[in-house]
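J.: Right, I'll just put the structure down here and ask away after.
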Amino acid sequence: MKEPAGPGPGVHRLGAGSAPFGAFLEAAPDAVVIINRDGRIALINAQTERMFGFSRDELLGQPVECLLPDRFRAAHTAHRADYGSDPRTRPMGAGLELYGRRKSGEEFPVDISLSPLPTDDGVLLTAAIRDITDRKRAEETRALLANIVEASDDAITAQTVDGVIISWNRGAERMYGFTAEEAIGQSVHVLAPDDRKAETDELLAAIAAGERVEQLETVRLRKDGTARDVSLTLSPTRDSAGRVTGASVIARDVTERKRLETARDQFIANAAHELRTPLATLAGLGEILSEHLHQMTPEQLSQSLAALRRQGERASALVASLLDLSQLDGGRVRFAFESVGVAGAVRRSLDSAPPPAGTTAAVDVPDGLAVRVDAVRFEQVLTNLLTNAYRYGGPDVRISASADHGVVEVTVTDNGSGVPPELLPRLFEVFARGSNAESQGGSGIGLALCRRLVEAFGGEIRYDGGPAGARFTMRLQSA
Amino acid sequence: MTADLTVLVVDDEVDLLFTISLSLELAGYRVVKAASGEEALDVAAAEAPDAIVLDLRLPGIDGWEVIRRLGDKGLFPRTPVVLLSAQVDAATAARAVDLGVHAHLAKPFSASELTGVLAQLIR
């Protein structure tokens with residue numbers, strides 16, 4: 001049976017179709033290559049021809065390395081010798097990425113399993129080769145998607161139709177405080193507060209019915225029991241037969257956004273309210289003057305003009321303060337820091353905001369005290385504190401200053417009734433105004449502005465007055 | 001025709017109190033003023049006005065409380081009240097209707113709007 005001129009032992013005897021297992025080889029899904037002890041190809045099936053692009057005649061008798069990329073050929077020859085010394089059925093190169101090379105030179109990823117095949121001519125080697133290009137591509141796609149899911153800040157989870165959590169990304173770990181290990185296997189009900197359990201059941205029913213739920217705003221609980229506002233998007237997941245198997249859920253934490261929205265709405269409502277009072281006067285007097293000018297007495301006329309002027313200035317000041325606040329909050333204010341004498345700044349503030357009739361302002365500021373501030377903004381703070389004292393405080397206003405260990409304290413006091421206790425916790429917040437301030441035209445912005453400015457100077461401002469009068473103290477760096 | 005009619009105007013904002021009063025005086029009403037709820041109750045008792053223009057937000061007792069105490073004195077709802085508020089939200093409007101407040105205007109309102117409402121309320 002030996003073929004002396006042939007490509008090698010066993011080649012013809014095992015030719016496809018010539019042996020009983022020839023039909024079996026042709027039916028195999030994999031490319032099957034049988035190799036003799038010299039490493040030459042003794043038999044191939046038709047799948048091998050299709051996979052590698054070589055014809056049977058081109059391969060028979062050739063070293064099997066012709067099916068490998070060049071860079072693996074030398075090593076492969078050595079491996080093959082090793083296998084020959086311990087031939088067992090096993091996957092080849094476990095854990096390694098294996099590649100085949102087509103006639104065209106194109107490489108492709110393969111899985112190979114090796115089996116010894118005892119014959120009369122000795123042990124041959126069968127290699128079943130599977131082209132895993134599609135599987136590799138799918139794996140890469142899956143890895144990419146998994147990376148995207150893991151990298152997301154949103155909580156991306158999956159659950160069964162019964163609401164059992166089966167997948168939990170890092171975003172979910174951060175948002176909910178449960179690790180994947182803790183969450184997987186739990187019911188999604190653990191994430192819903194008591195008053196949202198019914199909603200959770202409705203969501204599960206919607207998913208079971210194959211419905212998608214988009215951007216539902218609801219509340220979810222963290223592991224520590226704190227509630228978060230979340231926006232949920234649920235999409236049914238299906239098996240290959242189209243049956244709903246559960247849902248993928250994307251949850252975005254919108255707590256901060258909602259808080260900001262509420263604060264913004266409140267701010268706008270307050271600002272509108274503050275503007276409404278001067279505008280009511282401006283609009284009312286505008287109408288009266290245009291309709292009744294000739295019926296008005298000189299006294300009515302001069303009072304009207306004075307009121308127009310006051311309320312116009314008040315509306316302008318309010319808008320200016322709002323812009324100041326917005327610029328400070330946006331970090332868009334540039335400060336020109338310099339050494340500013342406290343006595344001079346106090347004098348200039350009193351010039352621009354002199355005490356009204358019936359009120360006196362006493363100054364007790366030693367010469368030579370200087371602070372490191374923006375001069376214009378420092379006077380703005382002083383003017384605000386003085387105006388507050390005139391409006392809400394008693395008739396005796398006093399400004400004093402002292403230095404201690406590199407810190408200058410500037411204090412504005414009055415002998416009024418002090419800040420109402422209910423206002424104290426929010427005194428330096430925007431629009432935190434006492435009911436007693438309403439009548440006196442305060443904007444509710446002044447102290448908020450003062451605090452932001454003083455903090456921008458690197459200092460602090462506090463209120464420590466009592467029933468005997470208000471007392472505001474600034475602590476600033478000495479210069 | 002309105003010269004015999006007295007209207008009490010209650011607002012803690014000095015310039016707005018002046019403006020509302022001026023528009024009513026120019027429309028021919030006699031105007032008495034109050035800058036707080038307590039003062040309004042005193043003036044209402046002393047002057048027996050034909051109508052009251054009442055700001056809701058007042059220092060001390062607010063407009064709601066003024067209406068309640070006017071009721072205790074038998075002055076409300078006998079005396080028509082025009083309530084002024086910064087905004088007419090649903091809750092405020094509903095409460096005003098429940099109390100039997102005769103009219104409710106949101107600031108800023110026009111002078112002619114106010115005099116029109118008063119002319120209807122005082123016959």
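Following the order of the structure tokens, first chain is A, next is B, and so on, with residues numbered from 1 inside each chain and ligands from 1 in the order they appear.
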Using 8 Å as the limit and counting only C-alpha atoms, can you tabulate each residue of chain B that touches chain A, with its shortest atom-to-atom distance in Å and the two atoms involved, as JSON lines?

T.:
```
{"residue": "B:Asp12", "atom": "CA", "partner": "A:Ser439", "partner_atom": "CA", "distance": 5.0}
{"residue": "B:Glu13", "atom": "CA", "partner": "A:Ser439", "partner_atom": "CA", "distance": 5.4}
{"residue": "B:Val14", "atom": "CA", "partner": "A:Ser439", "partner_atom": "CA", "distance": 7.9}
{"residue": "B:Asp15", "atom": "CA", "partner": "A:Ala307", "partner_atom": "CA", "distance": 5.6}
{"residue": "B:Leu16", "atom": "CA", "partner": "A:Thr281", "partner_atom": "CA", "distance": 5.2}
{"residue": "B:Thr19", "atom": "CA", "partner": "A:Leu285", "partner_atom": "CA", "distance": 6.1}
{"residue": "B:Ile20", "atom": "CA", "partner": "A:Gly284", "partner_atom": "CA", "distance": 7.5}
{"residue": "B:Leu22", "atom": "CA", "partner": "A:Gln300", "partner_atom": "CA", "distance": 7.7}
{"residue": "B:Ser23", "atom": "CA", "partner": "A:Ile288", "partner_atom": "CA", "distance": 6.4}
{"residue": "B:Leu26", "atom": "CA", "partner": "A:His292", "partner_atom": "CA", "distance": 7.4}
{"residue": "B:Leu58", "atom": "CA", "partner": "A:Ser439", "partner_atom": "CA", "distance": 7.4}
{"residue": "B:Pro59", "atom": "CA", "partner": "A:Asn436", "partner_atom": "CA", "distance": 5.5}
{"residue": "B:Gly60", "atom": "CA", "partner": "A:Asn436", "partner_atom": "CA", "distance": 7.5}
{"residue": "B:Ala86", "atom": "CA", "partner": "A:His273", "partner_atom": "CA", "distance": 6.5}
{"residue": "B:Lys107", "atom": "CA", "partner": "A:Ala280", "partner_atom": "CA", "distance": 6.0}
{"residue": "B:Pro108", "atom": "CA", "partner": "A:Ala280", "partner_atom": "CA", "distance": 4.2}
{"residue": "B:Phe109", "atom": "CA", "partner": "A:Ala280", "partner_atom": "CA", "distance": 6.7}
{"residue": "B:Ser110", "atom": "CA", "partner": "A:Gly284", "partner_atom": "CA", "distance": 5.9}
{"residue": "B:Ala111", "atom": "CA", "partner": "A:Gly284", "partner_atom": "CA", "distance": 5.9}
```

J.: Just checking: using only C-alpha atoms, which residue out of A:Gly330, A:Pro236, A:Gly341, A:Gly469 ends up closest to Asp367 in chain A?

T.: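 The answer is A:Gly341, which sits nearest to Asp367 in chain A.
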
J.: Find the residues near range 137-140 of chain A: any atom within 12 Å, counting only C-alpha atoms, skip ones fewer than 6 places away on the same chain, and give them as a ChimeraX atom specification.

T.: /A:108-109,131,146-147

J.: Can I get the selected residues back with N, CA and C atoms, as a PDB file, in the first residue's frame?

T.:
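Now in result-v6.pdb:
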```pdb
ATOM      1  N   PHE A 108      -6.612  34.540   9.831  1.00  0.00           N
ATOM      2  CA  PHE A 108      -7.912  34.503  10.506  1.00  0.00           C
ATOM      3  C   PHE A 108      -7.786  33.687  11.790  1.00  0.00           C
ATOM      4  N   PRO A 109      -8.564  34.054  12.811  1.00  0.00           N
ATOM      5  CA  PRO A 109      -8.460  33.356  14.087  1.00  0.00           C
ATOM      6  C   PRO A 109      -9.112  31.982  14.004  1.00  0.00           C
ATOM      7  N   ASP A 131     -12.873  28.072  11.929  1.00  0.00           N
ATOM      8  CA  ASP A 131     -12.700  29.516  11.706  1.00  0.00           C
ATOM      9  C   ASP A 131     -13.589  30.254  12.722  1.00  0.00           C
ATOM     10  N   ALA A 146     -19.641  45.951  26.819  1.00  0.00           N
ATOM     11  CA  ALA A 146     -19.486  45.822  28.270  1.00  0.00           C
ATOM     12  C   ALA A 146     -18.666  46.981  28.820  1.00  0.00           C
ATOM     13  N   ASN A 147     -17.619  47.388  28.068  1.00  0.00           N
ATOM     14  CA  ASN A 147     -16.809  48.531  28.499  1.00  0.00           C
ATOM     15  C   ASN A 147     -17.634  49.800  28.554  1.00  0.00           C
TER      16      ASN A 147
END
```

J.: What separation in Å, quoted to one decimal, exists between CA of His189 in chain A and CA of Gly163 in chain A?

T.: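 If I compute the distance from CA of His189 in chain A to CA of Gly163 in chain A, I get 7.6 Å.
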